Amino acid sequence: MYVCNCNGLRQRDVALAIEAGATRARDIFARNQCSAQCAKCVCEMRQMIVDARQDFALAAE
């Protein structure tokens with residue numbers, strides 16, 4: 001499923017960027033060599049980052 005239609009970023013692309021250390025939407029765009037266009041995807045990216053942090057915290061317990 002696409003997260004960013006403007007740049008063609010899929011959930012997998014975003015997840016890989018987060019796994020590589022992205023902590024902001026800007027980092028995700030940089031990792032994928034693109035930039036925000038309409039920014040409708042930024043909220044979803046932020047939520048994916050929060051979810052990944054929570055999953056990591058639970059795994060560390």
# chains A, B, ... in the order shown; residues from 1 in each chain; ligands from 1
$ residues_around --residues "Arg46 (chain A)" --least-positions-apart "6" --cutoff "12 Å" --atoms "only C-alpha atoms" --output "list in words"
Val3, Val14, Ala15, Ile18, Ala22, Thr23, Arg24, Ala25, Arg26, Asp27, Ile28, Ala39, Lys40, Ala52 and Arg53 of chain A
$ select_by_dssp --residues "chain A" --states "alpha helix (DSSP H)" --output "VMD selection string"
chain A and resid 11 to 19 25 to 31 42 to 60
$ select_by_dssp --residues "chain A" --states "strand (DSSP E)" --output "ChimeraX atom specification"
/A:2-4,9-10
$ residues_around --residues "Arg10 (chain A)" --least-positions-apart "3" --cutoff "12 Å" --atoms "only C-alpha atoms" --output "PDB file with all heavy atoms, in the first residue's frame"
ATOM      1  N   MET A   1       0.840  -1.173   0.000  1.00  0.00           N
ATOM      2  CA  MET A   1       0.000   0.000   0.000  1.00  0.00           C
ATOM      3  C   MET A   1       0.889   1.241   0.000  1.00  0.00           C
ATOM      4  O   MET A   1       1.929   1.275   0.655  1.00  0.00           O
ATOM      5  CB  MET A   1      -0.899  -0.022   1.228  1.00  0.00           C
ATOM      6  CG  MET A   1      -1.864   1.125   1.265  1.00  0.00           C
ATOM      7  SD  MET A   1      -3.143   0.869   2.489  1.00  0.00           S
ATOM      8  CE  MET A   1      -2.493   1.857   3.802  1.00  0.00           C
ATOM      9  N   TYR A   2       0.460   2.248  -0.717  1.00  0.00           N
ATOM     10  CA  TYR A   2       1.219   3.489  -0.793  1.00  0.00           C
ATOM     11  C   TYR A   2       0.964   4.361   0.434  1.00  0.00           C
ATOM     12  O   TYR A   2      -0.175   4.514   0.873  1.00  0.00           O
ATOM     13  CB  TYR A   2       0.856   4.283  -2.050  1.00  0.00           C
ATOM     14  CG  TYR A   2       1.475   3.708  -3.298  1.00  0.00           C
ATOM     15  CD1 TYR A   2       0.756   2.862  -4.120  1.00  0.00           C
ATOM     16  CD2 TYR A   2       2.787   4.008  -3.636  1.00  0.00           C
ATOM     17  CE1 TYR A   2       1.321   2.320  -5.256  1.00  0.00           C
ATOM     18  CE2 TYR A   2       3.370   3.469  -4.773  1.00  0.00           C
ATOM     19  CZ  TYR A   2       2.631   2.632  -5.582  1.00  0.00           C
ATOM     20  OH  TYR A   2       3.208   2.098  -6.704  1.00  0.00           O
ATOM     21  N   VAL A   3       2.024   4.932   0.953  1.00  0.00           N
ATOM     22  CA  VAL A   3       1.923   5.912   2.035  1.00  0.00           C
ATOM     23  C   VAL A   3       1.992   7.300   1.409  1.00  0.00           C
ATOM     24  O   VAL A   3       1.240   8.190   1.766  1.00  0.00           O
ATOM     25  CB  VAL A   3       3.059   5.719   3.067  1.00  0.00           C
ATOM     26  CG1 VAL A   3       3.056   6.829   4.091  1.00  0.00           C
ATOM     27  CG2 VAL A   3       2.935   4.367   3.739  1.00  0.00           C
ATOM     28  N   CYS A   4       2.905   7.471   0.470  1.00  0.00           N
ATOM     29  CA  CYS A   4       3.095   8.756  -0.208  1.00  0.00           C
ATOM     30  C   CYS A   4       2.863   8.557  -1.700  1.00  0.00           C
ATOM     31  O   CYS A   4       3.706   7.985  -2.397  1.00  0.00           O
ATOM     32  CB  CYS A   4       4.514   9.283   0.046  1.00  0.00           C
ATOM     33  SG  CYS A   4       4.874  10.819  -0.839  1.00  0.00           S
ATOM     34  N   ASN A   5       1.736   9.021  -2.162  1.00  0.00           N
ATOM     35  CA  ASN A   5       1.405   8.883  -3.580  1.00  0.00           C
ATOM     36  C   ASN A   5       2.269   9.787  -4.455  1.00  0.00           C
ATOM     37  O   ASN A   5       2.617   9.418  -5.565  1.00  0.00           O
ATOM     38  CB  ASN A   5      -0.075   9.188  -3.827  1.00  0.00           C
ATOM     39  CG  ASN A   5      -0.972   8.117  -3.270  1.00  0.00           C
ATOM     40  OD1 ASN A   5      -0.660   6.941  -3.337  1.00  0.00           O
ATOM     41  ND2 ASN A   5      -2.094   8.527  -2.704  1.00  0.00           N
ATOM     42  N   CYS A   6       2.620  10.958  -3.961  1.00  0.00           N
ATOM     43  CA  CYS A   6       3.408  11.907  -4.747  1.00  0.00           C
ATOM     44  C   CYS A   6       4.776  11.335  -5.130  1.00  0.00           C
ATOM     45  O   CYS A   6       5.247  11.546  -6.244  1.00  0.00           O
ATOM     46  CB  CYS A   6       3.604  13.212  -3.981  1.00  0.00           C
ATOM     47  SG  CYS A   6       2.078  14.099  -3.628  1.00  0.00           S
ATOM     48  N   ASN A   7       5.394  10.634  -4.198  1.00  0.00           N
ATOM     49  CA  ASN A   7       6.732  10.082  -4.424  1.00  0.00           C
ATOM     50  C   ASN A   7       6.735   8.573  -4.638  1.00  0.00           C
ATOM     51  O   ASN A   7       7.797   7.980  -4.822  1.00  0.00           O
ATOM     52  CB  ASN A   7       7.647  10.418  -3.239  1.00  0.00           C
ATOM     53  CG  ASN A   7       7.950  11.894  -3.181  1.00  0.00           C
ATOM     54  OD1 ASN A   7       8.513  12.450  -4.105  1.00  0.00           O
ATOM     55  ND2 ASN A   7       7.558  12.538  -2.095  1.00  0.00           N
ATOM     56  N   ASP A  13       8.866   0.874   2.068  1.00  0.00           N
ATOM     57  CA  ASP A  13       9.915   1.889   1.943  1.00  0.00           C
ATOM     58  C   ASP A  13      10.030   2.700   3.233  1.00  0.00           C
ATOM     59  O   ASP A  13      11.133   2.976   3.708  1.00  0.00           O
ATOM     60  CB  ASP A  13       9.621   2.843   0.781  1.00  0.00           C
ATOM     61  CG  ASP A  13       9.506   2.131  -0.559  1.00  0.00           C
ATOM     62  OD1 ASP A  13      10.310   1.217  -0.813  1.00  0.00           O
ATOM     63  OD2 ASP A  13       8.611   2.504  -1.344  1.00  0.00           O
ATOM     64  N   VAL A  14       8.882   3.079   3.773  1.00  0.00           N
ATOM     65  CA  VAL A  14       8.860   3.865   5.014  1.00  0.00           C
ATOM     66  C   VAL A  14       9.383   3.017   6.169  1.00  0.00           C
ATOM     67  O   VAL A  14      10.206   3.480   6.962  1.00  0.00           O
ATOM     68  CB  VAL A  14       7.435   4.393   5.304  1.00  0.00           C
ATOM     69  CG1 VAL A  14       7.378   5.104   6.649  1.00  0.00           C
ATOM     70  CG2 VAL A  14       6.981   5.327   4.183  1.00  0.00           C
ATOM     71  N   ALA A  15       8.933   1.773   6.266  1.00  0.00           N
ATOM     72  CA  ALA A  15       9.372   0.888   7.344  1.00  0.00           C
ATOM     73  C   ALA A  15      10.876   0.652   7.300  1.00  0.00           C
ATOM     74  O   ALA A  15      11.543   0.658   8.344  1.00  0.00           O
ATOM     75  CB  ALA A  15       8.625  -0.440   7.273  1.00  0.00           C
ATOM     76  N   LEU A  16      11.434   0.482   6.115  1.00  0.00           N
ATOM     77  CA  LEU A  16      12.877   0.278   5.989  1.00  0.00           C
ATOM     78  C   LEU A  16      13.645   1.520   6.432  1.00  0.00           C
ATOM     79  O   LEU A  16      14.691   1.406   7.071  1.00  0.00           O
ATOM     80  CB  LEU A  16      13.239  -0.091   4.546  1.00  0.00           C
ATOM     81  CG  LEU A  16      12.828  -1.488   4.097  1.00  0.00           C
ATOM     82  CD1 LEU A  16      13.087  -1.665   2.606  1.00  0.00           C
ATOM     83  CD2 LEU A  16      13.567  -2.550   4.903  1.00  0.00           C
ATOM     84  N   ALA A  17      13.130   2.685   6.110  1.00  0.00           N
ATOM     85  CA  ALA A  17      13.775   3.926   6.538  1.00  0.00           C
ATOM     86  C   ALA A  17      13.732   4.059   8.059  1.00  0.00           C
ATOM     87  O   ALA A  17      14.718   4.472   8.680  1.00  0.00           O
ATOM     88  CB  ALA A  17      13.104   5.126   5.877  1.00  0.00           C
ATOM     89  N   ILE A  28      12.809  10.099   6.441  1.00  0.00           N
ATOM     90  CA  ILE A  28      12.259   9.086   5.532  1.00  0.00           C
ATOM     91  C   ILE A  28      12.385   9.561   4.088  1.00  0.00           C
ATOM     92  O   ILE A  28      12.815   8.800   3.218  1.00  0.00           O
ATOM     93  CB  ILE A  28      10.790   8.765   5.889  1.00  0.00           C
ATOM     94  CG1 ILE A  28      10.724   8.113   7.276  1.00  0.00           C
ATOM     95  CG2 ILE A  28      10.151   7.868   4.823  1.00  0.00           C
ATOM     96  CD1 ILE A  28       9.330   8.001   7.844  1.00  0.00           C
ATOM     97  N   PHE A  29      12.042  10.820   3.843  1.00  0.00           N
ATOM     98  CA  PHE A  29      12.175  11.359   2.490  1.00  0.00           C
ATOM     99  C   PHE A  29      13.637  11.354   2.049  1.00  0.00           C
ATOM    100  O   PHE A  29      13.947  10.967   0.925  1.00  0.00           O
ATOM    101  CB  PHE A  29      11.609  12.779   2.410  1.00  0.00           C
ATOM    102  CG  PHE A  29      10.113  12.833   2.484  1.00  0.00           C
ATOM    103  CD1 PHE A  29       9.483  13.529   3.502  1.00  0.00           C
ATOM    104  CD2 PHE A  29       9.319  12.204   1.537  1.00  0.00           C
ATOM    105  CE1 PHE A  29       8.104  13.594   3.576  1.00  0.00           C
ATOM    106  CE2 PHE A  29       7.929  12.257   1.605  1.00  0.00           C
ATOM    107  CZ  PHE A  29       7.325  12.959   2.619  1.00  0.00           C
ATOM    108  N   ASN A  32      14.916   8.024   1.027  1.00  0.00           N
ATOM    109  CA  ASN A  32      14.368   7.593  -0.253  1.00  0.00           C
ATOM    110  C   ASN A  32      14.659   8.585  -1.378  1.00  0.00           C
ATOM    111  O   ASN A  32      14.086   8.486  -2.466  1.00  0.00           O
ATOM    112  CB  ASN A  32      12.861   7.350  -0.121  1.00  0.00           C
ATOM    113  CG  ASN A  32      12.572   6.102   0.671  1.00  0.00           C
ATOM    114  OD1 ASN A  32      12.718   5.003   0.167  1.00  0.00           O
ATOM    115  ND2 ASN A  32      12.195   6.264   1.931  1.00  0.00           N
ATOM    116  N   CYS A  41       0.999  12.721   3.564  1.00  0.00           N
ATOM    117  CA  CYS A  41       1.514  11.467   4.103  1.00  0.00           C
ATOM    118  C   CYS A  41       2.260  11.634   5.426  1.00  0.00           C
ATOM    119  O   CYS A  41       2.517  10.654   6.125  1.00  0.00           O
ATOM    120  CB  CYS A  41       2.451  10.828   3.090  1.00  0.00           C
ATOM    121  SG  CYS A  41       3.836  11.897   2.632  1.00  0.00           S
ATOM    122  N   GLU A  44       0.784  10.065   8.615  1.00  0.00           N
ATOM    123  CA  GLU A  44       0.875   8.611   8.626  1.00  0.00           C
ATOM    124  C   GLU A  44       2.307   8.157   8.904  1.00  0.00           C
ATOM    125  O   GLU A  44       2.539   7.205   9.650  1.00  0.00           O
ATOM    126  CB  GLU A  44       0.388   8.019   7.304  1.00  0.00           C
ATOM    127  CG  GLU A  44       0.338   6.515   7.327  1.00  0.00           C
ATOM    128  CD  GLU A  44      -0.317   5.907   6.094  1.00  0.00           C
ATOM    129  OE1 GLU A  44      -0.871   6.644   5.263  1.00  0.00           O
ATOM    130  OE2 GLU A  44      -0.263   4.667   5.974  1.00  0.00           O
ATOM    131  N   MET A  45       3.271   8.860   8.333  1.00  0.00           N
ATOM    132  CA  MET A  45       4.671   8.531   8.600  1.00  0.00           C
ATOM    133  C   MET A  45       5.007   8.719  10.077  1.00  0.00           C
ATOM    134  O   MET A  45       5.672   7.876  10.677  1.00  0.00           O
ATOM    135  CB  MET A  45       5.602   9.387   7.746  1.00  0.00           C
ATOM    136  CG  MET A  45       5.613   9.027   6.303  1.00  0.00           C
ATOM    137  SD  MET A  45       6.760  10.099   5.425  1.00  0.00           S
ATOM    138  CE  MET A  45       6.536   9.531   3.761  1.00  0.00           C
TER     139      MET A  45
END
$ closest_residue --among "A:Val50, A:Cys43, A:Cys34, A:Ala60" --to "Leu9 (chain A)" --atoms "only C-alpha atoms"
A:Cys34
$ atom_distance --atom1 "CA of Gln11 (chain A)" --atom2 "CA of Ile49 (chain A)"
11.6 Å
$ decode --residues "region 6-18 of chain A" --atoms "N, CA, C and O atoms" --output "PDB file, in the first residue's frame"
ATOM      1  N   CYS A   6       2.620  10.958  -3.961  1.00  0.00           N
ATOM      2  CA  CYS A   6       3.408  11.907  -4.747  1.00  0.00           C
ATOM      3  C   CYS A   6       4.776  11.335  -5.130  1.00  0.00           C
ATOM      4  O   CYS A   6       5.247  11.546  -6.244  1.00  0.00           O
ATOM      5  N   ASN A   7       5.394  10.634  -4.198  1.00  0.00           N
ATOM      6  CA  ASN A   7       6.732  10.082  -4.424  1.00  0.00           C
ATOM      7  C   ASN A   7       6.735   8.573  -4.638  1.00  0.00           C
ATOM      8  O   ASN A   7       7.797   7.980  -4.822  1.00  0.00           O
ATOM      9  N   GLY A   8       5.578   7.960  -4.585  1.00  0.00           N
ATOM     10  CA  GLY A   8       5.487   6.514  -4.799  1.00  0.00           C
ATOM     11  C   GLY A   8       6.115   5.698  -3.675  1.00  0.00           C
ATOM     12  O   GLY A   8       6.614   4.606  -3.916  1.00  0.00           O
ATOM     13  N   LEU A   9       6.080   6.217  -2.445  1.00  0.00           N
ATOM     14  CA  LEU A   9       6.643   5.495  -1.306  1.00  0.00           C
ATOM     15  C   LEU A   9       5.601   4.550  -0.738  1.00  0.00           C
ATOM     16  O   LEU A   9       4.481   4.949  -0.421  1.00  0.00           O
ATOM     17  N   ARG A  10       5.990   3.315  -0.591  1.00  0.00           N
ATOM     18  CA  ARG A  10       5.104   2.298  -0.035  1.00  0.00           C
ATOM     19  C   ARG A  10       5.411   2.102   1.446  1.00  0.00           C
ATOM     20  O   ARG A  10       6.428   2.568   1.943  1.00  0.00           O
ATOM     21  N   GLN A  11       4.533   1.393   2.128  1.00  0.00           N
ATOM     22  CA  GLN A  11       4.743   1.120   3.551  1.00  0.00           C
ATOM     23  C   GLN A  11       6.099   0.477   3.789  1.00  0.00           C
ATOM     24  O   GLN A  11       6.781   0.801   4.754  1.00  0.00           O
ATOM     25  N   ARG A  12       6.495  -0.418   2.908  1.00  0.00           N
ATOM     26  CA  ARG A  12       7.786  -1.098   3.047  1.00  0.00           C
ATOM     27  C   ARG A  12       8.947  -0.097   2.976  1.00  0.00           C
ATOM     28  O   ARG A  12       9.898  -0.195   3.735  1.00  0.00           O
ATOM     29  N   ASP A  13       8.866   0.874   2.068  1.00  0.00           N
ATOM     30  CA  ASP A  13       9.915   1.889   1.943  1.00  0.00           C
ATOM     31  C   ASP A  13      10.030   2.700   3.233  1.00  0.00           C
ATOM     32  O   ASP A  13      11.133   2.976   3.708  1.00  0.00           O
ATOM     33  N   VAL A  14       8.882   3.079   3.773  1.00  0.00           N
ATOM     34  CA  VAL A  14       8.860   3.865   5.014  1.00  0.00           C
ATOM     35  C   VAL A  14       9.383   3.017   6.169  1.00  0.00           C
ATOM     36  O   VAL A  14      10.206   3.480   6.962  1.00  0.00           O
ATOM     37  N   ALA A  15       8.933   1.773   6.266  1.00  0.00           N
ATOM     38  CA  ALA A  15       9.372   0.888   7.344  1.00  0.00           C
ATOM     39  C   ALA A  15      10.876   0.652   7.300  1.00  0.00           C
ATOM     40  O   ALA A  15      11.543   0.658   8.344  1.00  0.00           O
ATOM     41  N   LEU A  16      11.434   0.482   6.115  1.00  0.00           N
ATOM     42  CA  LEU A  16      12.877   0.278   5.989  1.00  0.00           C
ATOM     43  C   LEU A  16      13.645   1.520   6.432  1.00  0.00           C
ATOM     44  O   LEU A  16      14.691   1.406   7.071  1.00  0.00           O
ATOM     45  N   ALA A  17      13.130   2.685   6.110  1.00  0.00           N
ATOM     46  CA  ALA A  17      13.775   3.926   6.538  1.00  0.00           C
ATOM     47  C   ALA A  17      13.732   4.059   8.059  1.00  0.00           C
ATOM     48  O   ALA A  17      14.718   4.472   8.680  1.00  0.00           O
ATOM     49  N   ILE A  18      12.612   3.685   8.658  1.00  0.00           N
ATOM     50  CA  ILE A  18      12.485   3.738  10.114  1.00  0.00           C
ATOM     51  C   ILE A  18      13.445   2.751  10.755  1.00  0.00           C
ATOM     52  O   ILE A  18      14.131   3.082  11.729  1.00  0.00           O
TER      53      ILE A  18
END
